[in-house]
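Trainee: Below you'll find target.cif; it's mmCIF, N, CA and C atoms.
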data_work
#
loop_
_atom_site.label_atom_id
_atom_site.label_comp_id
_atom_site.auth_asym_id
_atom_site.auth_seq_id
_atom_site.Cartn_x
_atom_site.Cartn_y
_atom_site.Cartn_z
N MET A 4 -17.78 11.75 -8.09
CA MET A 4 -17.02 10.62 -8.58
C MET A 4 -17.66 9.34 -8.05
N THR A 5 -17.80 8.35 -8.89
CA THR A 5 -18.38 7.08 -8.48
C THR A 5 -17.44 6.34 -7.55
N SER A 6 -17.99 5.36 -6.83
CA SER A 6 -17.12 4.60 -5.93
C SER A 6 -16.05 3.84 -6.72
N GLY A 7 -16.40 3.38 -7.93
CA GLY A 7 -15.40 2.73 -8.78
C GLY A 7 -14.31 3.70 -9.19
N GLY A 8 -14.70 4.95 -9.49
CA GLY A 8 -13.72 5.98 -9.85
C GLY A 8 -12.82 6.34 -8.69
N ARG A 9 -13.39 6.41 -7.48
CA ARG A 9 -12.59 6.70 -6.28
C ARG A 9 -11.58 5.59 -6.03
N ALA A 10 -12.05 4.36 -6.14
CA ALA A 10 -11.15 3.23 -5.91
C ALA A 10 -10.02 3.25 -6.94
N GLN A 11 -10.35 3.54 -8.19
CA GLN A 11 -9.32 3.60 -9.23
C GLN A 11 -8.33 4.72 -8.94
N SER A 12 -8.82 5.85 -8.47
CA SER A 12 -7.95 6.98 -8.13
C SER A 12 -7.00 6.61 -6.99
N LEU A 13 -7.50 5.94 -5.97
CA LEU A 13 -6.66 5.53 -4.85
C LEU A 13 -5.67 4.45 -5.29
N ARG A 14 -6.10 3.53 -6.13
CA ARG A 14 -5.19 2.50 -6.65
C ARG A 14 -4.09 3.12 -7.51
N GLU A 15 -4.45 4.11 -8.31
CA GLU A 15 -3.44 4.79 -9.13
C GLU A 15 -2.46 5.54 -8.23
N SER A 16 -2.94 6.16 -7.17
CA SER A 16 -2.04 6.82 -6.22
C SER A 16 -1.09 5.82 -5.60
N ALA A 17 -1.60 4.65 -5.22
CA ALA A 17 -0.75 3.61 -4.63
C ALA A 17 0.33 3.19 -5.63
N ARG A 18 -0.06 2.98 -6.87
CA ARG A 18 0.90 2.56 -7.90
C ARG A 18 1.99 3.61 -8.10
N ARG A 19 1.60 4.88 -8.19
CA ARG A 19 2.56 5.96 -8.41
C ARG A 19 3.51 6.12 -7.21
N ILE A 20 2.98 6.00 -6.02
CA ILE A 20 3.81 6.10 -4.81
C ILE A 20 4.83 4.97 -4.78
N LEU A 21 4.39 3.76 -5.05
CA LEU A 21 5.31 2.61 -5.06
C LEU A 21 6.39 2.77 -6.12
N LEU A 22 6.01 3.23 -7.31
CA LEU A 22 7.01 3.45 -8.36
C LEU A 22 8.03 4.50 -7.94
N HIS A 23 7.56 5.53 -7.25
CA HIS A 23 8.47 6.57 -6.74
C HIS A 23 9.43 5.95 -5.72
N GLU A 24 8.91 5.16 -4.81
CA GLU A 24 9.74 4.58 -3.75
C GLU A 24 10.73 3.55 -4.30
N VAL A 25 10.33 2.78 -5.30
CA VAL A 25 11.23 1.76 -5.83
C VAL A 25 12.31 2.40 -6.69
N GLY A 26 12.03 3.55 -7.30
CA GLY A 26 13.03 4.26 -8.10
C GLY A 26 13.48 3.43 -9.28
N HIS A 27 14.76 3.45 -9.55
CA HIS A 27 15.32 2.74 -10.70
C HIS A 27 15.82 1.34 -10.34
N ARG A 28 15.62 0.97 -9.08
CA ARG A 28 16.04 -0.36 -8.66
C ARG A 28 15.07 -1.40 -9.21
N GLY A 29 15.54 -2.60 -9.36
CA GLY A 29 14.66 -3.67 -9.82
C GLY A 29 14.71 -4.83 -8.86
N GLY A 30 13.89 -5.79 -9.08
CA GLY A 30 13.92 -7.01 -8.30
C GLY A 30 12.97 -6.96 -7.11
N ALA A 31 12.72 -8.13 -6.60
CA ALA A 31 11.79 -8.28 -5.48
C ALA A 31 12.30 -7.58 -4.22
N GLU A 32 13.61 -7.58 -4.01
CA GLU A 32 14.18 -6.90 -2.84
C GLU A 32 13.83 -5.40 -2.87
N ALA A 33 13.92 -4.80 -4.05
CA ALA A 33 13.59 -3.38 -4.20
C ALA A 33 12.10 -3.13 -3.94
N TRP A 34 11.25 -4.02 -4.44
CA TRP A 34 9.81 -3.87 -4.20
C TRP A 34 9.49 -4.07 -2.72
N GLY A 35 10.20 -5.00 -2.07
CA GLY A 35 10.01 -5.19 -0.64
C GLY A 35 10.41 -3.96 0.15
N ALA A 36 11.55 -3.36 -0.21
CA ALA A 36 12.01 -2.14 0.47
C ALA A 36 11.05 -0.99 0.22
N ALA A 37 10.57 -0.87 -1.02
CA ALA A 37 9.61 0.19 -1.35
C ALA A 37 8.31 0.01 -0.56
N ALA A 38 7.83 -1.22 -0.48
CA ALA A 38 6.61 -1.49 0.27
C ALA A 38 6.79 -1.18 1.75
N GLN A 39 7.96 -1.51 2.30
CA GLN A 39 8.21 -1.20 3.70
C GLN A 39 8.26 0.30 3.92
N ALA A 40 8.87 1.04 2.98
CA ALA A 40 8.93 2.50 3.10
C ALA A 40 7.53 3.11 3.06
N VAL A 41 6.69 2.62 2.16
CA VAL A 41 5.31 3.13 2.07
C VAL A 41 4.56 2.80 3.36
N HIS A 42 4.71 1.59 3.83
CA HIS A 42 4.07 1.18 5.09
C HIS A 42 4.50 2.10 6.23
N ASP A 43 5.79 2.34 6.34
CA ASP A 43 6.32 3.15 7.45
C ASP A 43 5.82 4.59 7.37
N LYS A 44 5.81 5.17 6.16
CA LYS A 44 5.34 6.56 6.02
C LYS A 44 3.85 6.68 6.30
N LEU A 45 3.08 5.72 5.80
CA LEU A 45 1.64 5.75 6.08
C LEU A 45 1.38 5.56 7.57
N SER A 46 2.08 4.61 8.18
CA SER A 46 1.89 4.36 9.61
C SER A 46 2.21 5.60 10.43
N ALA A 47 3.29 6.30 10.07
CA ALA A 47 3.68 7.50 10.82
C ALA A 47 2.58 8.55 10.79
N ARG A 48 1.83 8.61 9.71
CA ARG A 48 0.76 9.59 9.60
C ARG A 48 -0.56 9.10 10.17
N LEU A 49 -0.79 7.80 10.14
CA LEU A 49 -2.08 7.26 10.56
C LEU A 49 -2.15 6.90 12.04
N VAL A 50 -1.04 6.49 12.63
CA VAL A 50 -1.06 6.09 14.04
C VAL A 50 -1.57 7.22 14.95
N PRO A 51 -1.15 8.49 14.77
CA PRO A 51 -1.69 9.54 15.63
C PRO A 51 -3.20 9.75 15.46
N ILE A 52 -3.75 9.39 14.31
CA ILE A 52 -5.17 9.59 14.04
C ILE A 52 -6.00 8.38 14.49
N LEU A 53 -5.52 7.18 14.14
CA LEU A 53 -6.31 5.97 14.34
C LEU A 53 -5.82 5.08 15.48
N GLY A 54 -4.57 5.26 15.86
CA GLY A 54 -3.97 4.39 16.87
C GLY A 54 -3.22 3.25 16.22
N SER A 55 -2.21 2.75 16.90
CA SER A 55 -1.34 1.71 16.36
C SER A 55 -2.09 0.42 16.05
N GLY A 56 -2.92 0.00 16.96
CA GLY A 56 -3.66 -1.25 16.76
C GLY A 56 -4.58 -1.19 15.56
N SER A 57 -5.25 -0.06 15.37
CA SER A 57 -6.14 0.08 14.22
C SER A 57 -5.38 0.06 12.90
N VAL A 58 -4.23 0.71 12.87
CA VAL A 58 -3.42 0.72 11.65
C VAL A 58 -2.93 -0.69 11.35
N GLN A 59 -2.49 -1.41 12.35
CA GLN A 59 -2.05 -2.80 12.14
C GLN A 59 -3.20 -3.67 11.63
N LEU A 60 -4.38 -3.48 12.17
CA LEU A 60 -5.55 -4.24 11.70
C LEU A 60 -5.91 -3.90 10.27
N LEU A 61 -5.81 -2.62 9.90
CA LEU A 61 -6.09 -2.23 8.51
C LEU A 61 -5.10 -2.88 7.55
N PHE A 62 -3.82 -2.90 7.92
CA PHE A 62 -2.84 -3.56 7.07
C PHE A 62 -3.09 -5.06 6.99
N ALA A 63 -3.39 -5.68 8.11
CA ALA A 63 -3.66 -7.13 8.11
C ALA A 63 -4.88 -7.43 7.23
N ARG A 64 -5.91 -6.63 7.34
CA ARG A 64 -7.10 -6.81 6.50
C ARG A 64 -6.77 -6.63 5.03
N SER A 65 -5.95 -5.65 4.74
CA SER A 65 -5.55 -5.38 3.37
C SER A 65 -4.74 -6.52 2.78
N VAL A 66 -3.85 -7.09 3.57
CA VAL A 66 -3.07 -8.25 3.11
C VAL A 66 -4.03 -9.39 2.78
N ARG A 67 -4.96 -9.61 3.64
CA ARG A 67 -5.93 -10.71 3.43
C ARG A 67 -6.73 -10.48 2.15
N LEU A 68 -7.22 -9.28 1.94
CA LEU A 68 -8.01 -8.98 0.75
C LEU A 68 -7.15 -9.02 -0.52
N ALA A 69 -5.92 -8.54 -0.42
CA ALA A 69 -5.02 -8.48 -1.59
C ALA A 69 -4.58 -9.87 -2.05
N GLN A 70 -4.69 -10.86 -1.19
CA GLN A 70 -4.31 -12.22 -1.56
C GLN A 70 -5.14 -12.72 -2.74
N ALA A 71 -6.35 -12.23 -2.89
CA ALA A 71 -7.19 -12.63 -4.02
C ALA A 71 -6.62 -12.13 -5.34
N GLU A 72 -5.88 -11.02 -5.30
CA GLU A 72 -5.28 -10.45 -6.51
C GLU A 72 -3.88 -10.99 -6.78
N CYS A 73 -3.20 -11.40 -5.74
CA CYS A 73 -1.81 -11.85 -5.90
C CYS A 73 -1.58 -13.08 -5.02
N ALA A 74 -1.58 -14.22 -5.66
CA ALA A 74 -1.42 -15.48 -4.92
C ALA A 74 -0.10 -15.55 -4.16
N GLY A 75 0.92 -14.86 -4.63
CA GLY A 75 2.21 -14.86 -3.95
C GLY A 75 2.11 -14.33 -2.53
N LEU A 76 1.19 -13.41 -2.28
CA LEU A 76 1.00 -12.88 -0.93
C LEU A 76 0.44 -13.94 0.00
N ALA A 77 -0.40 -14.80 -0.52
CA ALA A 77 -1.06 -15.81 0.31
C ALA A 77 -0.04 -16.76 0.94
N ARG A 78 0.99 -17.09 0.20
CA ARG A 78 1.99 -18.03 0.72
C ARG A 78 2.83 -17.42 1.83
N LYS A 79 2.97 -16.11 1.85
CA LYS A 79 3.87 -15.46 2.80
C LYS A 79 3.15 -14.75 3.94
N ALA A 80 1.88 -14.45 3.79
CA ALA A 80 1.18 -13.57 4.72
C ALA A 80 1.19 -14.07 6.16
N ALA A 81 1.06 -15.35 6.35
CA ALA A 81 0.96 -15.88 7.71
C ALA A 81 2.24 -15.68 8.51
N THR A 82 3.39 -15.60 7.85
CA THR A 82 4.65 -15.52 8.58
C THR A 82 5.27 -14.13 8.59
N ALA A 83 4.72 -13.18 7.84
CA ALA A 83 5.38 -11.88 7.70
C ALA A 83 5.15 -10.96 8.89
N GLY A 84 4.03 -11.07 9.58
CA GLY A 84 3.74 -10.16 10.67
C GLY A 84 3.65 -8.74 10.17
N THR A 85 4.37 -7.82 10.82
CA THR A 85 4.33 -6.41 10.41
C THR A 85 5.46 -6.07 9.44
N ASP A 86 6.27 -7.05 9.06
CA ASP A 86 7.34 -6.82 8.11
C ASP A 86 6.77 -6.91 6.69
N VAL A 87 6.24 -5.80 6.21
CA VAL A 87 5.58 -5.77 4.91
C VAL A 87 6.56 -6.15 3.81
N GLY A 88 7.79 -5.71 3.90
CA GLY A 88 8.79 -6.05 2.90
C GLY A 88 9.02 -7.54 2.78
N ALA A 89 8.88 -8.27 3.89
CA ALA A 89 9.08 -9.72 3.88
C ALA A 89 8.04 -10.44 3.04
N LEU A 90 6.88 -9.82 2.86
CA LEU A 90 5.85 -10.41 2.01
C LEU A 90 6.31 -10.51 0.56
N LEU A 91 7.23 -9.63 0.16
CA LEU A 91 7.57 -9.48 -1.25
C LEU A 91 8.97 -9.91 -1.62
N ARG A 92 9.89 -9.86 -0.69
CA ARG A 92 11.31 -10.03 -1.00
C ARG A 92 11.67 -11.34 -1.71
N ASP A 93 11.00 -12.42 -1.40
CA ASP A 93 11.38 -13.72 -1.96
C ASP A 93 10.56 -14.10 -3.20
N LEU A 94 9.74 -13.19 -3.66
CA LEU A 94 8.91 -13.48 -4.83
C LEU A 94 9.64 -13.10 -6.11
N ALA A 95 9.15 -13.58 -7.23
CA ALA A 95 9.67 -13.13 -8.52
C ALA A 95 9.41 -11.63 -8.64
N PRO A 96 10.28 -10.87 -9.29
CA PRO A 96 10.13 -9.41 -9.34
C PRO A 96 8.75 -8.94 -9.81
N GLU A 97 8.21 -9.52 -10.85
CA GLU A 97 6.89 -9.09 -11.35
C GLU A 97 5.79 -9.42 -10.35
N VAL A 98 5.90 -10.55 -9.69
CA VAL A 98 4.92 -10.93 -8.67
C VAL A 98 5.04 -10.00 -7.47
N ALA A 99 6.26 -9.62 -7.11
CA ALA A 99 6.47 -8.68 -6.01
C ALA A 99 5.84 -7.33 -6.33
N ARG A 100 6.00 -6.86 -7.57
CA ARG A 100 5.37 -5.60 -7.99
C ARG A 100 3.86 -5.71 -7.90
N GLN A 101 3.31 -6.78 -8.44
CA GLN A 101 1.86 -6.98 -8.41
C GLN A 101 1.36 -7.06 -6.96
N GLY A 102 2.11 -7.74 -6.13
CA GLY A 102 1.73 -7.86 -4.72
C GLY A 102 1.73 -6.52 -4.00
N ALA A 103 2.77 -5.72 -4.24
CA ALA A 103 2.84 -4.40 -3.61
C ALA A 103 1.69 -3.53 -4.07
N GLU A 104 1.40 -3.54 -5.37
CA GLU A 104 0.31 -2.72 -5.89
C GLU A 104 -1.04 -3.21 -5.36
N ALA A 105 -1.24 -4.52 -5.29
CA ALA A 105 -2.48 -5.06 -4.74
C ALA A 105 -2.63 -4.70 -3.27
N LEU A 106 -1.55 -4.85 -2.50
CA LEU A 106 -1.60 -4.57 -1.07
C LEU A 106 -1.93 -3.12 -0.79
N PHE A 107 -1.18 -2.20 -1.39
CA PHE A 107 -1.40 -0.79 -1.05
C PHE A 107 -2.61 -0.20 -1.76
N GLY A 108 -2.96 -0.73 -2.94
CA GLY A 108 -4.21 -0.31 -3.56
C GLY A 108 -5.39 -0.69 -2.68
N THR A 109 -5.35 -1.91 -2.17
CA THR A 109 -6.40 -2.39 -1.27
C THR A 109 -6.39 -1.61 0.03
N PHE A 110 -5.20 -1.37 0.58
CA PHE A 110 -5.11 -0.62 1.83
C PHE A 110 -5.76 0.76 1.68
N LEU A 111 -5.45 1.46 0.60
CA LEU A 111 -6.01 2.79 0.41
C LEU A 111 -7.52 2.75 0.18
N GLU A 112 -8.00 1.71 -0.48
CA GLU A 112 -9.46 1.55 -0.64
C GLU A 112 -10.13 1.33 0.72
N VAL A 113 -9.56 0.46 1.53
CA VAL A 113 -10.13 0.18 2.86
C VAL A 113 -10.07 1.45 3.71
N LEU A 114 -8.93 2.12 3.69
CA LEU A 114 -8.80 3.36 4.45
C LEU A 114 -9.80 4.40 3.95
N GLY A 115 -9.92 4.53 2.64
CA GLY A 115 -10.87 5.49 2.06
C GLY A 115 -12.30 5.19 2.44
N SER A 116 -12.64 3.93 2.54
CA SER A 116 -14.01 3.58 2.95
C SER A 116 -14.24 3.92 4.43
N LEU A 117 -13.18 3.95 5.19
CA LEU A 117 -13.29 4.25 6.63
C LEU A 117 -13.30 5.76 6.90
N ILE A 118 -12.35 6.48 6.31
CA ILE A 118 -12.21 7.91 6.63
C ILE A 118 -12.57 8.83 5.47
N GLY A 119 -12.87 8.26 4.31
CA GLY A 119 -13.23 9.05 3.14
C GLY A 119 -12.04 9.27 2.22
N GLU A 120 -12.35 9.41 0.94
CA GLU A 120 -11.29 9.58 -0.05
C GLU A 120 -10.54 10.90 0.15
N ARG A 121 -11.26 11.95 0.44
CA ARG A 121 -10.60 13.26 0.58
C ARG A 121 -9.55 13.26 1.67
N LEU A 122 -9.89 12.73 2.84
CA LEU A 122 -8.91 12.67 3.94
C LEU A 122 -7.78 11.70 3.61
N THR A 123 -8.10 10.60 2.95
CA THR A 123 -7.07 9.65 2.53
C THR A 123 -6.07 10.34 1.61
N LEU A 124 -6.57 11.08 0.62
CA LEU A 124 -5.68 11.79 -0.30
C LEU A 124 -4.87 12.88 0.42
N GLN A 125 -5.46 13.55 1.40
CA GLN A 125 -4.71 14.54 2.18
C GLN A 125 -3.55 13.90 2.92
N ILE A 126 -3.79 12.73 3.47
CA ILE A 126 -2.73 12.01 4.18
C ILE A 126 -1.63 11.61 3.20
N LEU A 127 -2.02 11.13 2.05
CA LEU A 127 -1.02 10.76 1.03
C LEU A 127 -0.23 11.98 0.58
N LYS A 128 -0.90 13.10 0.39
CA LYS A 128 -0.21 14.32 -0.05
C LYS A 128 0.78 14.81 1.00
N SER A 129 0.50 14.55 2.27
CA SER A 129 1.43 14.99 3.31
C SER A 129 2.74 14.21 3.25
N ALA A 130 2.68 12.98 2.74
CA ALA A 130 3.88 12.15 2.65
C ALA A 130 4.55 12.22 1.28
N TRP A 131 3.75 12.35 0.24
CA TRP A 131 4.25 12.35 -1.15
C TRP A 131 3.57 13.47 -1.93
N PRO A 132 3.86 14.72 -1.61
CA PRO A 132 3.10 15.83 -2.22
C PRO A 132 3.14 15.86 -3.75
N MET A 133 4.28 15.71 -4.34
CA MET A 133 4.38 15.81 -5.80
C MET A 133 3.75 14.60 -6.48
N ILE A 134 3.90 13.45 -5.90
CA ILE A 134 3.39 12.22 -6.53
C ILE A 134 1.86 12.22 -6.53
N VAL A 135 1.25 12.57 -5.41
CA VAL A 135 -0.19 12.54 -5.32
C VAL A 135 -0.82 13.70 -6.09
N GLU A 136 -0.17 14.86 -6.10
CA GLU A 136 -0.67 15.98 -6.88
C GLU A 136 -0.78 15.62 -8.35
N GLU A 137 0.23 14.93 -8.88
CA GLU A 137 0.24 14.54 -10.29
C GLU A 137 -0.90 13.58 -10.60
N ALA A 138 -1.24 12.74 -9.64
CA ALA A 138 -2.29 11.73 -9.87
C ALA A 138 -3.69 12.30 -9.72
N SER A 139 -3.83 13.41 -9.01
CA SER A 139 -5.16 13.99 -8.75
C SER A 139 -5.75 14.63 -9.98
#
Would you mind writing the structure in this file as structure tokens?

Mentor:
Amino acid sequence: MTSGGRAQSLRESARRILLHEVGHRGGAEAWGAAAQAVHDKLSARLVPILGSGSVQLLFARSVRLAQAECAGLARKAATAGTDVGALLRDLAPEVARQGAEALFGTFLEVLGSLIGERLTLQILKSAWPMIVEEAS
């Protein structure tokens, strides 16, 4: 698979996971809660492997990179800290969705470049087995 194909696969996994977490709820508050849930589940699996500081740095880097895709993140990133949901809660619902997808798509790409796509997908499958299986 090409690097573009891998990135697309990881971005699609991020989108499917976020849609699963947001469920039938709408609005920026729902996207913020979904993003926080994804952050928490990923952190729970990554901290034992990479350490807390490394996971925080990966998320911070991902927020910075995702700002190019979603300007709404740029306005909030400096004040959100580790509260990922706070990045999205006050945005328009569509902007919050775009921001969540940009953030976690970017995060998975950065993580995949660090530990490889296969291990990244294994970590995702441990948290969301049915969602990631469908996307594979």

Trainee: Quick check on the file I pasted: which residues fall under the PyMOL selection byres ((chain A and resi 36-41) around 7)? Write them as a PDB file with N, CA and C atoms, in the coordinates of the input.

Mentor:
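Output contents, as saved in selection_12.pdb:
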ATOM      1  N   LEU A  21       4.390   3.760  -5.050  1.00  0.00           N
ATOM      2  CA  LEU A  21       5.310   2.610  -5.060  1.00  0.00           C
ATOM      3  C   LEU A  21       6.390   2.770  -6.120  1.00  0.00           C
ATOM      4  N   GLU A  24       8.910   5.160  -4.810  1.00  0.00           N
ATOM      5  CA  GLU A  24       9.740   4.580  -3.750  1.00  0.00           C
ATOM      6  C   GLU A  24      10.730   3.550  -4.300  1.00  0.00           C
ATOM      7  N   VAL A  25      10.330   2.780  -5.300  1.00  0.00           N
ATOM      8  CA  VAL A  25      11.230   1.760  -5.830  1.00  0.00           C
ATOM      9  C   VAL A  25      12.310   2.400  -6.690  1.00  0.00           C
ATOM     10  N   ALA A  31      12.720  -8.130  -6.600  1.00  0.00           N
ATOM     11  CA  ALA A  31      11.790  -8.280  -5.480  1.00  0.00           C
ATOM     12  C   ALA A  31      12.300  -7.580  -4.220  1.00  0.00           C
ATOM     13  N   GLU A  32      13.610  -7.580  -4.010  1.00  0.00           N
ATOM     14  CA  GLU A  32      14.180  -6.900  -2.840  1.00  0.00           C
ATOM     15  C   GLU A  32      13.830  -5.400  -2.870  1.00  0.00           C
ATOM     16  N   ALA A  33      13.920  -4.800  -4.050  1.00  0.00           N
ATOM     17  CA  ALA A  33      13.590  -3.380  -4.200  1.00  0.00           C
ATOM     18  C   ALA A  33      12.100  -3.130  -3.940  1.00  0.00           C
ATOM     19  N   TRP A  34      11.250  -4.020  -4.440  1.00  0.00           N
ATOM     20  CA  TRP A  34       9.810  -3.870  -4.200  1.00  0.00           C
ATOM     21  C   TRP A  34       9.490  -4.070  -2.720  1.00  0.00           C
ATOM     22  N   GLY A  35      10.200  -5.000  -2.070  1.00  0.00           N
ATOM     23  CA  GLY A  35      10.010  -5.190  -0.640  1.00  0.00           C
ATOM     24  C   GLY A  35      10.410  -3.960   0.150  1.00  0.00           C
ATOM     25  N   HIS A  42       4.710   1.590   3.830  1.00  0.00           N
ATOM     26  CA  HIS A  42       4.070   1.180   5.090  1.00  0.00           C
ATOM     27  C   HIS A  42       4.500   2.100   6.230  1.00  0.00           C
ATOM     28  N   ASP A  43       5.790   2.340   6.340  1.00  0.00           N
ATOM     29  CA  ASP A  43       6.320   3.150   7.450  1.00  0.00           C
ATOM     30  C   ASP A  43       5.820   4.590   7.370  1.00  0.00           C
ATOM     31  N   LYS A  44       5.810   5.170   6.160  1.00  0.00           N
ATOM     32  CA  LYS A  44       5.340   6.560   6.020  1.00  0.00           C
ATOM     33  C   LYS A  44       3.850   6.680   6.300  1.00  0.00           C
ATOM     34  N   LEU A  45       3.080   5.720   5.800  1.00  0.00           N
ATOM     35  CA  LEU A  45       1.640   5.750   6.080  1.00  0.00           C
ATOM     36  C   LEU A  45       1.380   5.560   7.570  1.00  0.00           C
ATOM     37  N   SER A  46       2.080   4.610   8.180  1.00  0.00           N
ATOM     38  CA  SER A  46       1.890   4.360   9.610  1.00  0.00           C
ATOM     39  C   SER A  46       2.210   5.600  10.430  1.00  0.00           C
ATOM     40  N   ASP A  86       6.270  -7.050   9.060  1.00  0.00           N
ATOM     41  CA  ASP A  86       7.340  -6.820   8.110  1.00  0.00           C
ATOM     42  C   ASP A  86       6.770  -6.910   6.690  1.00  0.00           C
ATOM     43  N   VAL A  87       6.240  -5.800   6.210  1.00  0.00           N
ATOM     44  CA  VAL A  87       5.580  -5.770   4.910  1.00  0.00           C
ATOM     45  C   VAL A  87       6.560  -6.150   3.810  1.00  0.00           C
ATOM     46  N   GLY A  88       7.790  -5.710   3.900  1.00  0.00           N
ATOM     47  CA  GLY A  88       8.790  -6.050   2.900  1.00  0.00           C
ATOM     48  C   GLY A  88       9.020  -7.540   2.780  1.00  0.00           C
ATOM     49  N   ALA A  89       8.880  -8.270   3.890  1.00  0.00           N
ATOM     50  CA  ALA A  89       9.080  -9.720   3.880  1.00  0.00           C
ATOM     51  C   ALA A  89       8.040 -10.440   3.040  1.00  0.00           C
ATOM     52  N   ARG A  92       9.890  -9.860  -0.690  1.00  0.00           N
ATOM     53  CA  ARG A  92      11.310 -10.030  -1.000  1.00  0.00           C
ATOM     54  C   ARG A  92      11.670 -11.340  -1.710  1.00  0.00           C
ATOM     55  N   ALA A 103       2.770  -5.720  -4.240  1.00  0.00           N
ATOM     56  CA  ALA A 103       2.840  -4.400  -3.610  1.00  0.00           C
ATOM     57  C   ALA A 103       1.690  -3.530  -4.070  1.00  0.00           C
TER      58      ALA A 103
END

Trainee: How big is the axis-aligned box around all listed atoms of segment 87-93 of chain A once 4 Å goes on each side, and where's its centre, in Å to one decimal, as AutoDock Vina command-line options?

Mentor:
--center_x 8.6 --center_y -9.9 --center_z 1.5 --size_x 14.1 --size_y 16.4 --size_z 17.4

Trainee: Mind giving me the straight-line distance from atom C of Leu111 of chain A to atom C of Cys73 of chain A in Å, one decimal?

Mentor: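 Separation of atom C of Leu111 of chain A and atom C of Cys73 of chain A: 17.7 Å.
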
Trainee: Which value, in Å to one decimal, gives the distance between atom CA of Pro96 of chain A and atom CA of Arg28 of chain A?

Mentor: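 Distance reported for this atom pair: 10.8 Å.
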
Trainee: I'd like the residues picked by the PyMOL selection byres ((chain A and resi 105-109) around 6) written out as an mmCIF file with N, CA and C atoms, keeping the file's coordinate frame, using the chain letters and numbers from the file.

Mentor:
data_model
loop_
_atom_site.group_PDB
_atom_site.id
_atom_site.type_symbol
_atom_site.label_atom_id
_atom_site.label_comp_id
_atom_site.auth_asym_id
_atom_site.auth_seq_id
_atom_site.Cartn_x
_atom_site.Cartn_y
_atom_site.Cartn_z
ATOM 1 N N LEU A 13 -7.500 5.940 -5.970
ATOM 2 C CA LEU A 13 -6.660 5.530 -4.850
ATOM 3 C C LEU A 13 -5.670 4.450 -5.290
ATOM 4 N N ARG A 14 -6.100 3.530 -6.130
ATOM 5 C CA ARG A 14 -5.190 2.500 -6.650
ATOM 6 C C ARG A 14 -4.090 3.120 -7.510
ATOM 7 N N ALA A 17 -1.600 4.650 -5.220
ATOM 8 C CA ALA A 17 -0.750 3.610 -4.630
ATOM 9 C C ALA A 17 0.330 3.190 -5.630
ATOM 10 N N SER A 65 -5.950 -5.650 4.740
ATOM 11 C CA SER A 65 -5.550 -5.380 3.370
ATOM 12 C C SER A 65 -4.740 -6.520 2.780
ATOM 13 N N VAL A 66 -3.850 -7.090 3.570
ATOM 14 C CA VAL A 66 -3.070 -8.250 3.110
ATOM 15 C C VAL A 66 -4.030 -9.390 2.780
ATOM 16 N N ALA A 69 -5.920 -8.540 -0.420
ATOM 17 C CA ALA A 69 -5.020 -8.480 -1.590
ATOM 18 C C ALA A 69 -4.580 -9.870 -2.050
ATOM 19 N N ARG A 100 6.000 -6.860 -7.570
ATOM 20 C CA ARG A 100 5.370 -5.600 -7.990
ATOM 21 C C ARG A 100 3.860 -5.710 -7.900
ATOM 22 N N GLN A 101 3.310 -6.780 -8.440
ATOM 23 C CA GLN A 101 1.860 -6.980 -8.410
ATOM 24 C C GLN A 101 1.360 -7.060 -6.960
ATOM 25 N N GLY A 102 2.110 -7.740 -6.130
ATOM 26 C CA GLY A 102 1.730 -7.860 -4.720
ATOM 27 C C GLY A 102 1.730 -6.520 -4.000
ATOM 28 N N ALA A 103 2.770 -5.720 -4.240
ATOM 29 C CA ALA A 103 2.840 -4.400 -3.610
ATOM 30 C C ALA A 103 1.690 -3.530 -4.070
ATOM 31 N N GLU A 104 1.400 -3.540 -5.370
ATOM 32 C CA GLU A 104 0.310 -2.720 -5.890
ATOM 33 C C GLU A 104 -1.040 -3.210 -5.360
ATOM 34 N N PHE A 110 -5.200 -1.370 0.580
ATOM 35 C CA PHE A 110 -5.110 -0.620 1.830
ATOM 36 C C PHE A 110 -5.760 0.760 1.680
ATOM 37 N N LEU A 111 -5.450 1.460 0.600
ATOM 38 C CA LEU A 111 -6.010 2.790 0.410
ATOM 39 C C LEU A 111 -7.520 2.750 0.180
ATOM 40 N N GLU A 112 -8.000 1.710 -0.480
ATOM 41 C CA GLU A 112 -9.460 1.550 -0.640
ATOM 42 C C GLU A 112 -10.130 1.330 0.720
ATOM 43 N N VAL A 113 -9.560 0.460 1.530
ATOM 44 C CA VAL A 113 -10.130 0.180 2.860
ATOM 45 C C VAL A 113 -10.070 1.450 3.710
ATOM 46 N N LEU A 114 -8.930 2.120 3.690
ATOM 47 C CA LEU A 114 -8.800 3.360 4.450
ATOM 48 C C LEU A 114 -9.800 4.400 3.950
#

Trainee: Write out as a compact mmCIF listing (two decimals) with N, CA and C atoms, in the frame of the given file each polymer residue whose atoms come within 8 Å of Gln59 of chain A, counting all atoms listed in the file; drop sequence neighbours fewer than 5 positions from it.

Mentor:
# COMPACT_ATOMS: atom_id res chain seq x y z
N SER A 46 2.08 4.61 8.18
CA SER A 46 1.89 4.36 9.61
C SER A 46 2.21 5.60 10.43
N VAL A 50 -1.04 6.49 12.63
CA VAL A 50 -1.06 6.09 14.04
C VAL A 50 -1.57 7.22 14.95
N LEU A 53 -5.52 7.18 14.14
CA LEU A 53 -6.31 5.97 14.34
C LEU A 53 -5.82 5.08 15.48
N GLY A 54 -4.57 5.26 15.86
CA GLY A 54 -3.97 4.39 16.87
C GLY A 54 -3.22 3.25 16.22
N ARG A 64 -5.91 -6.63 7.34
CA ARG A 64 -7.10 -6.81 6.50
C ARG A 64 -6.77 -6.63 5.03
N SER A 65 -5.95 -5.65 4.74
CA SER A 65 -5.55 -5.38 3.37
C SER A 65 -4.74 -6.52 2.78
N THR A 85 4.37 -7.82 10.82
CA THR A 85 4.33 -6.41 10.41
C THR A 85 5.46 -6.07 9.44

Trainee: May I have all residues of segment 13-130 of chain A that DSSP, computed from the backbone, assigns to alpha helix (DSSP H), given as a ChimeraX atom specification?

Mentor: /A:13-25,31-53,55-69,74-83,96-118,120-130

Trainee: Using Å and a single decimal, report how far atom N of Ala74 of chain A sits from atom C of Ala95 of chain A.

Mentor: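 Separation between atom C of Ala95 of chain A and atom N of Ala74 of chain A: 11.7 Å.
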